[in-house]
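A short write-up of the structure that comes next.
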Amino acid sequence: MAKEEERPPPPNLKLTPAMAQYWSIKEQYRDAILLFHIGDFYETFGGDAETVSRELDITLTSRSKDSGGQKIPLAGVPCHAVEGYIARLIEKGYKVALCDQVEDARNAKGIVRREVVRVITPGTVIDEGLVGSSGARYLMAVNSTARPALIGLAFLDITTGEFIVTTGPGDQGVAALMSELARYRPYECLMPESLQPEFGDAVKQSGVLVTPCEESGTDLSSAKRVLEEHFKGGGLSSSGIEQVPAVIIAAAMVLRYAKDTQRLDLSHVQQILFRQPAESCLIDGITLRNLEILESIRGRSHDPTLLSLLDLTVTPMGGRLLRSMLAAPLVSVPAINRRLDAVEYFFERTGVRIGVREILAGVADVGRIAGRISCRNAGPRDLVALARTLDLLASLQGALNDPALPVELAGSCGDLVDEGWIAPLIARAIADDPPALARNGGVIRQGYDPLLDELRSRAVSGKEWIIALQQRERETTGIKSLKVGYNSVFGYYIEVTKPNLGLVPPKYQRKQTTASGERFTIPALKEQEALIAAAEDRLASLEGKLYASLLERLAEGIPSLQSVARGIAAIDTAAALAEAAVRSRYTRPVIDESLEILVREGRHPVVETGMSGGFVPNDTVLSGSDSQILIITGANMAGKSTYMRAVALTAVMAQAGSFVPAAHARIGVVDRIFSRVGAFDDLAAGQSTFMVEMTELAHILNNVTVRSLVILDEIGRGTSTLDGY
């Protein structure tokens with residue numbers, strides 16, 4: 001759920017300096033939960049605290065607000081576990097503003113300086129611990145123009161830098177928008193206030209957070225400046241969107257918002273991909289649902305779908321690519337055949353397919369690691385995984401070193417560009433088994449930096465001196481149980497139990513009384529403690545700077561890393577589709593420009609996997625002349641709906657570049673697939689089942705072409721038999 005804007009306290013209240021600082025920052029982020037860094041905790045106050053307490057099941061306490069003892073709600077979470085709490089808030093649809101201490105509290109004069117370092121929203125999550133899955137995570141923006149009547153849409157996956165823009169017919173309004181929502185499944189949608197009455201409710205009902213944008217953000221000239229500055233003047237012309245104002249504004253909206261929330265320049269967003277509707281087979285949201293291509297019609301994650309059946313990919317990049325291939329099948333015969341050639345190559349070469357998939361199974365999510373490097377929040381283990389992946393490229397290229405390699409696979413192998421310096425640099429800089437977070441220390445390898453090695457040596461020798469002191473004091477005092485210990489509050493101390501307090505020499509200075517004895521210190525111990533603390537402070541500071549410098553250097557390799565991610569994704573999907581074809585006895589379809597669909601012994605790819613007995617195959621002949629319309633009749637449970645869906649799914653699979661469940665299939669490319677299947681009332685909108693059917697049928701009839709494939713299942717059953725007929 002979106003958070004209501006929270007107003008600051010009345011100006012006549014007397015605030016402490018810390019609370020005054022909190023409210024001055026909160027004033028700028030009223031619609032977000034402000035996590036305020038104080039010591040070892042991130043704290044929330046007022047309405048934010050009540051929200052956090054309720055949503056995260058955290059105890060709600062209170063804190064004095066002024067000298068009069070007035071209280072305000074307080075809820076905090078420990079810094080070391082903050083990612084998990086943020087993830088839960090994001091999952092519930094909240095925005096989170098992370099306000100950090102940006103100076104050392106020991107050096108601060110007065111109140112510690114704090115700033116919001118980034119705003120985390122459902123569409124701008126990038127941290128590995130927050131993203132949650134390997135699927136794409138799109139931030140979406142929508143804009144429209146009256147002349148021409150057009151909807152401009154932009155989709156940015158900040159985790160990988162993928163930036164897609166497209167258009168929809170303005171006269172179809174909500175229907176066009178909802179189809180794109182079903183295809184891309186964004187987590188957040190940016191929308192000008194003026195479009196909220198038309199689109200806002202529909203987007204919210206689909207489970208997507210709607211973030212309003214000021215109308216000033218929809219100015220065309222400023223939108224062009226945003227894109228030209230980011231892409232160094234080449235964003236508009238190279239992407240082909242210079243004549244599409246609705247798309248330019250949507251693209252600028254999404255890019256500006258992502259930069260503002262992340263406080264970064266997003267250098268890994270390097271190009272805009274303009275997907276024009278005519279470039280792919282259009283499958284609207286209703287048809288995606290009815291055919292269960294990406295998600296089950298019942299909305300249950302465990303139900304089988306076409307995607308779950310075919311997704312035998314072994315890399316996150318391959319999984320994301322396969323999903324987009326099924327959501328937007330191709331219409332170009334040469335492009336489809338290039339994909340099919342790649343699948344056929346692996347289909348016919350079992351040894352190569354198995355070998356390639358074994359190599360790919362060890363590959364990390366290069367696309368997302370590159371994104372985190374760009375945003376300077378890649379963890380040490382990300383870098384180790386990246387280096388390991390780059391070391392596998394030679395083996396992958398070797399496995400595909402074949403003169404007979406199809407064009408599509410040859411191009412993908414060409415994308416596997418290892419610049420040769422990234423993996424060796426990581427190997428020199430990062431320890432073999434680093435911690436998950438760089439701030440924990442122990443990340444930089446011994447020998448990488450001489451000064452760091454020297455500081456480590458000082459810290460180690462200081463601790464060795466402590467051990468030697470303990471032994472020496474035991475011998476000097478005769479107290480065999482004497483122990484030198486440490487805690488973060490009192491520092492180093494000499495601990496003596498109560499029975500031995502009579503043996504304590506005069507030079508010992510009492511520091512603390514405990515239940516079991518006393519704690520002391522001596523001048524030499526205090527001096528050594530100061531030396532160790534100084535060395536460890538310098539050590540932590542230097543290691544942090546070295547790691548930041550390493551990320552800065554690695555950022556120079558982001559273009560090649562993104563190329564590697566593309567190549568791996570394409571190889572993985574081709575091998576996965578070949579594996580699916582072998583397991584399920586699929587055949588290569590013949591693709592041409594005709595208006596015919598011919599399927600011999602066709603099967604429903606998903607239904608057949610759940611049958612204990614054999615699936616009875618069926619033929620289909622749809623010609624461009626007298627047999628272009630087929631009417632199917634039969635008893636209940638005879639398989640009419642299954643038969644129709646099987647034909648549509650066969651077309652989807654073929655044009656996505658997959659083999660199909662049939663003995664033979666010839667598919668004339670389809671430009672759109674429509675379906676009207678099942679009965680769904682829309683009572684909230686005042687529409688009966690029959691009205692919904694008629695509205696959807698009207699949409700089909702208004703947009704169908706001679707190349708479209710339409711499935712109508714029992715049209716008119718939502719009313720009387722005579723009226724329906």
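In the structure tokens, chains take the letters A, B, ... in the order shown, each chain's residues start at 1, and ligands count up from 1 in the order shown.
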Exercise. So which residues touch A:Gly170 within 8 Å, counting only C-alpha atoms, skipping near sequence neighbours fewer than 3 positions away, as a PyMOL selection string?
Worked result: chain A and resi 144-146+149-151+173+176
Atoms kept (N, CA, C and O atoms) for selection, written as a PDB file, in the first residue's frame:
```
ATOM      1  N   SER A 144       0.824  10.341 -22.392  1.00  0.00           N
ATOM      2  CA  SER A 144      -0.005  10.263 -23.597  1.00  0.00           C
ATOM      3  C   SER A 144      -0.052  11.618 -24.286  1.00  0.00           C
ATOM      4  O   SER A 144       0.169  12.663 -23.668  1.00  0.00           O
ATOM      5  N   THR A 145      -0.322  11.556 -25.591  1.00  0.00           N
ATOM      6  CA  THR A 145      -0.498  12.776 -26.381  1.00  0.00           C
ATOM      7  C   THR A 145      -1.834  12.693 -27.111  1.00  0.00           C
ATOM      8  O   THR A 145      -2.279  11.601 -27.493  1.00  0.00           O
ATOM      9  N   ALA A 146      -2.459  13.855 -27.301  1.00  0.00           N
ATOM     10  CA  ALA A 146      -3.761  13.890 -27.972  1.00  0.00           C
ATOM     11  C   ALA A 146      -3.609  13.807 -29.483  1.00  0.00           C
ATOM     12  O   ALA A 146      -4.411  13.174 -30.171  1.00  0.00           O
ATOM     13  N   ALA A 149      -3.103  10.503 -31.190  1.00  0.00           N
ATOM     14  CA  ALA A 149      -3.616   9.830 -29.992  1.00  0.00           C
ATOM     15  C   ALA A 149      -2.726   8.626 -29.709  1.00  0.00           C
ATOM     16  O   ALA A 149      -2.822   7.596 -30.369  1.00  0.00           O
ATOM     17  N   LEU A 150      -1.831   8.794 -28.740  1.00  0.00           N
ATOM     18  CA  LEU A 150      -0.798   7.792 -28.512  1.00  0.00           C
ATOM     19  C   LEU A 150      -0.463   7.709 -27.031  1.00  0.00           C
ATOM     20  O   LEU A 150      -0.445   8.720 -26.328  1.00  0.00           O
ATOM     21  N   ILE A 151      -0.215   6.507 -26.567  1.00  0.00           N
ATOM     22  CA  ILE A 151       0.288   6.303 -25.212  1.00  0.00           C
ATOM     23  C   ILE A 151       1.772   5.980 -25.312  1.00  0.00           C
ATOM     24  O   ILE A 151       2.164   5.080 -26.068  1.00  0.00           O
ATOM     25  N   GLY A 173      -6.883   3.315 -24.874  1.00  0.00           N
ATOM     26  CA  GLY A 173      -6.763   3.713 -23.485  1.00  0.00           C
ATOM     27  C   GLY A 173      -6.312   2.632 -22.537  1.00  0.00           C
ATOM     28  O   GLY A 173      -5.223   2.071 -22.659  1.00  0.00           O
ATOM     29  N   ALA A 176      -5.010  -0.893 -23.795  1.00  0.00           N
ATOM     30  CA  ALA A 176      -3.631  -0.929 -24.287  1.00  0.00           C
ATOM     31  C   ALA A 176      -2.641  -0.919 -23.135  1.00  0.00           C
ATOM     32  O   ALA A 176      -1.636  -1.641 -23.146  1.00  0.00           O
TER      33      ALA A 176
END
```
Problem set entry | Residue neighbourhood stretch 520-532 of chain A, 12 Å, only C-alpha atoms, exclusion window fewer than 6 positions, as a ChimeraX atom specification | /A:455-470,473,482-488,490-497,501,504-514,538-539
Near stretch 350-374 of chain A, 10 Å: stretch 494-557 of chain A residue rows, closest pairs, only C-alpha atoms, as a tab-separated table:
```
residue	atom	partner	partner_atom	distance
A:Ala548	CA	A:Ile373	CA	9.9
A:Leu550	CA	A:Ile373	CA	9.7
A:Leu551	CA	A:Ile373	CA	6.0
A:Glu552	CA	A:Ile373	CA	8.0
A:Arg553	CA	A:Ile373	CA	9.6
A:Leu554	CA	A:Ile373	CA	7.2
A:Ala555	CA	A:Ser374	CA	5.7
A:Glu556	CA	A:Ser374	CA	9.0
A:Gly557	CA	A:Ala370	CA	8.6
```
Within 9 Å of stretch 651-656 of chain A: each stretch 281-359 of chain A residue with its shortest pair, only C-alpha atoms, as CSV:
```
residue,atom,partner,partner_atom,distance
A:Cys281,CA,A:Gln655,CA,8.1
A:Ile293,CA,A:Val652,CA,8.8
A:Leu306,CA,A:Met653,CA,8.9
A:Leu322,CA,A:Ala656,CA,8.7
A:Met325,CA,A:Ala656,CA,5.4
A:Leu326,CA,A:Ala656,CA,5.7
A:Ala327,CA,A:Ala656,CA,8.5
A:Ala328,CA,A:Ala656,CA,7.4
A:Pro329,CA,A:Ala656,CA,4.3
A:Leu330,CA,A:Gln655,CA,5.3
A:Val331,CA,A:Gln655,CA,6.7
A:Ser332,CA,A:Gln655,CA,8.5
A:Val333,CA,A:Gln655,CA,8.4
A:Ile336,CA,A:Gln655,CA,6.0
A:Asn337,CA,A:Gln655,CA,8.9
A:Arg339,CA,A:Ala656,CA,8.1
A:Leu340,CA,A:Ala654,CA,8.4
```
Convert the current residue selection to file output with C-alpha atoms, as an mmCIF file, in the first residue's frame.
```
data_model
loop_
_atom_site.group_PDB
_atom_site.id
_atom_site.type_symbol
_atom_site.label_atom_id
_atom_site.label_comp_id
_atom_site.auth_asym_id
_atom_site.auth_seq_id
_atom_site.Cartn_x
_atom_site.Cartn_y
_atom_site.Cartn_z
ATOM 1 C CA CYS A 281 3.155 -10.522 -32.380
ATOM 2 C CA ILE A 293 1.542 -18.100 -21.171
ATOM 3 C CA LEU A 306 3.888 -22.266 -20.820
ATOM 4 C CA LEU A 322 12.901 -16.405 -22.316
ATOM 5 C CA MET A 325 10.473 -13.952 -25.925
ATOM 6 C CA LEU A 326 7.194 -15.620 -24.982
ATOM 7 C CA ALA A 327 5.484 -12.329 -24.105
ATOM 8 C CA ALA A 328 6.355 -10.789 -27.486
ATOM 9 C CA PRO A 329 6.923 -13.448 -30.186
ATOM 10 C CA LEU A 330 8.601 -12.321 -33.403
ATOM 11 C CA VAL A 331 6.887 -11.649 -36.741
ATOM 12 C CA SER A 332 10.013 -11.582 -38.913
ATOM 13 C CA VAL A 333 10.471 -14.936 -40.666
ATOM 14 C CA ILE A 336 12.432 -16.537 -36.167
ATOM 15 C CA ASN A 337 14.421 -18.971 -38.292
ATOM 16 C CA ARG A 339 16.412 -18.558 -33.367
ATOM 17 C CA LEU A 340 15.172 -21.942 -34.559
#
```
Problem set entry | Contacts of A:Ile297 at 12 Å (only C-alpha atoms; same-chain gap of 6+ positions) as a VMD selection string | chain A and resid 285 to 291 303 to 306 677 to 678 680
Got time to write the residues from that selection, N, CA and C atoms, as an mmCIF file, in the first residue's frame?
```cif
data_model
loop_
_atom_site.group_PDB
_atom_site.id
_atom_site.type_symbol
_atom_site.label_atom_id
_atom_site.label_comp_id
_atom_site.auth_asym_id
_atom_site.auth_seq_id
_atom_site.Cartn_x
_atom_site.Cartn_y
_atom_site.Cartn_z
ATOM 1 N N GLY A 285 -3.294 -8.438 -22.715
ATOM 2 C CA GLY A 285 -3.270 -8.980 -21.369
ATOM 3 C C GLY A 285 -4.283 -10.083 -21.147
ATOM 4 N N ILE A 286 -5.472 -9.940 -21.744
ATOM 5 C CA ILE A 286 -6.522 -10.958 -21.590
ATOM 6 C C ILE A 286 -6.069 -12.284 -22.192
ATOM 7 N N THR A 287 -5.435 -12.213 -23.362
ATOM 8 C CA THR A 287 -4.979 -13.430 -24.029
ATOM 9 C C THR A 287 -3.802 -14.064 -23.305
ATOM 10 N N LEU A 288 -2.882 -13.241 -22.796
ATOM 11 C CA LEU A 288 -1.776 -13.785 -21.997
ATOM 12 C C LEU A 288 -2.318 -14.580 -20.811
ATOM 13 N N ARG A 289 -3.398 -14.051 -20.213
ATOM 14 C CA ARG A 289 -4.009 -14.736 -19.071
ATOM 15 C C ARG A 289 -4.747 -15.991 -19.507
ATOM 16 N N ASN A 290 -5.580 -15.866 -20.550
ATOM 17 C CA ASN A 290 -6.405 -16.994 -20.978
ATOM 18 C C ASN A 290 -5.565 -18.176 -21.463
ATOM 19 N N LEU A 291 -4.470 -17.885 -22.128
ATOM 20 C CA LEU A 291 -3.610 -18.963 -22.634
ATOM 21 C C LEU A 291 -2.605 -19.427 -21.589
ATOM 22 N N ASP A 303 0.796 -23.369 -10.222
ATOM 23 C CA ASP A 303 0.121 -23.931 -11.388
ATOM 24 C C ASP A 303 1.047 -23.866 -12.607
ATOM 25 N N PRO A 304 1.016 -24.888 -13.469
ATOM 26 C CA PRO A 304 1.892 -24.884 -14.644
ATOM 27 C C PRO A 304 1.469 -23.847 -15.673
ATOM 28 N N THR A 305 2.433 -23.274 -16.350
ATOM 29 C CA THR A 305 2.204 -22.314 -17.433
ATOM 30 C C THR A 305 3.150 -22.673 -18.573
ATOM 31 N N LEU A 306 2.967 -22.024 -19.701
ATOM 32 C CA LEU A 306 3.888 -22.266 -20.820
ATOM 33 C C LEU A 306 5.311 -21.870 -20.426
ATOM 34 N N VAL A 677 -12.173 -16.263 -23.777
ATOM 35 C CA VAL A 677 -12.328 -17.587 -23.187
ATOM 36 C C VAL A 677 -12.829 -17.430 -21.767
ATOM 37 N N GLY A 678 -13.833 -18.200 -21.383
ATOM 38 C CA GLY A 678 -14.312 -18.176 -20.007
ATOM 39 C C GLY A 678 -15.249 -17.022 -19.750
ATOM 40 N N PHE A 680 -16.239 -13.996 -17.030
ATOM 41 C CA PHE A 680 -15.825 -13.213 -15.866
ATOM 42 C C PHE A 680 -16.716 -11.985 -15.748
#
```
Problem set entry | helix (DSSP H, G or I) per DSSP on the backbone: members of stretch 361-434 of chain A, as number ranges by chain | A: 366-374, 380-399, 407-415, 422-429
For this session: Using only C-alpha atoms, determine which residues lie at most 9 Å from A:Lys498, disregarding the query and same-chain residues fewer than 4 positions distant; provide the list as a list in words.
Result: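 Here the answer would be Gly502, Ala515, Ser516, Gly517 and Glu518 of chain A.
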Residues from last step as file, C-alpha atoms, as a JSON list (two decimals), in the first residue's frame:
```json
[["chain", "number", "residue", "atom", "x", "y", "z"],
["A", 502, "GLY", "CA", 43.95, -9.31, 47.49],
["A", 515, "ALA", "CA", 29.29, -9.78, 39.71],
["A", 516, "SER", "CA", 32.32, -12.07, 39.69],
["A", 517, "GLY", "CA", 35.11, -9.58, 40.38],
["A", 518, "GLU", "CA", 36.78, -6.35, 39.25]]
```
For this session: Using atom CA of A:Ile673 and atom CA of A:Arg645 as the two end points, give the distance in Å to one decimal.
Result: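 Result for atom CA of A:Ile673 versus atom CA of A:Arg645: 10.9 Å, one decimal.
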Exercise. Given the choices A:Ala87, A:Val692, A:Ala570, A:Ile591, which gets closest to A:Ala342 if the distance is worked out from only C-alpha atoms?
Worked result: A:Ala570
List every residue of stretch 504-607 of chain A that has an atom at most 8 Å from any atom of stretch 413-437 of chain A, giving for each one its closest atom pair and the distance in Å to one decimal, counting only C-alpha atoms, sorted by chain and then by ascending residue number, as JSON lines.
```
{"residue": "A:Leu550", "atom": "CA", "partner": "A:Ala429", "partner_atom": "CA", "distance": 7.9}
{"residue": "A:Leu554", "atom": "CA", "partner": "A:Ile422", "partner_atom": "CA", "distance": 6.8}
{"residue": "A:Gly557", "atom": "CA", "partner": "A:Ile422", "partner_atom": "CA", "distance": 7.3}
{"residue": "A:Ser560", "atom": "CA", "partner": "A:Val417", "partner_atom": "CA", "distance": 5.9}
{"residue": "A:Leu561", "atom": "CA", "partner": "A:Val417", "partner_atom": "CA", "distance": 7.7}
{"residue": "A:Ser563", "atom": "CA", "partner": "A:Asp415", "partner_atom": "CA", "distance": 5.2}
{"residue": "A:Val564", "atom": "CA", "partner": "A:Leu416", "partner_atom": "CA", "distance": 4.5}
{"residue": "A:Ala565", "atom": "CA", "partner": "A:Leu416", "partner_atom": "CA", "distance": 7.9}
{"residue": "A:Arg566", "atom": "CA", "partner": "A:Asp415", "partner_atom": "CA", "distance": 6.9}
{"residue": "A:Gly567", "atom": "CA", "partner": "A:Asp415", "partner_atom": "CA", "distance": 5.0}
{"residue": "A:Ile568", "atom": "CA", "partner": "A:Leu416", "partner_atom": "CA", "distance": 7.4}
```
For this session: Between atom CA of A:Gly129 and atom CA of A:Leu255, measure the distance and give it in Å to one decimal.
Result: 23.1 Å
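Nearest-residue note for A:Leu383: choosing from A:Phe274, A:Tyr94, A:Tyr547, A:Phe199, the minimum distance belongs to A:Tyr547, counting only C-alpha atoms.
Omitting A:Arg676 and its sequence neighbours fewer than 5 positions away, and counting only C-alpha atoms, the residues within 7 Å are Glu696, Ile711, Leu712 and Asp713 of chain A.
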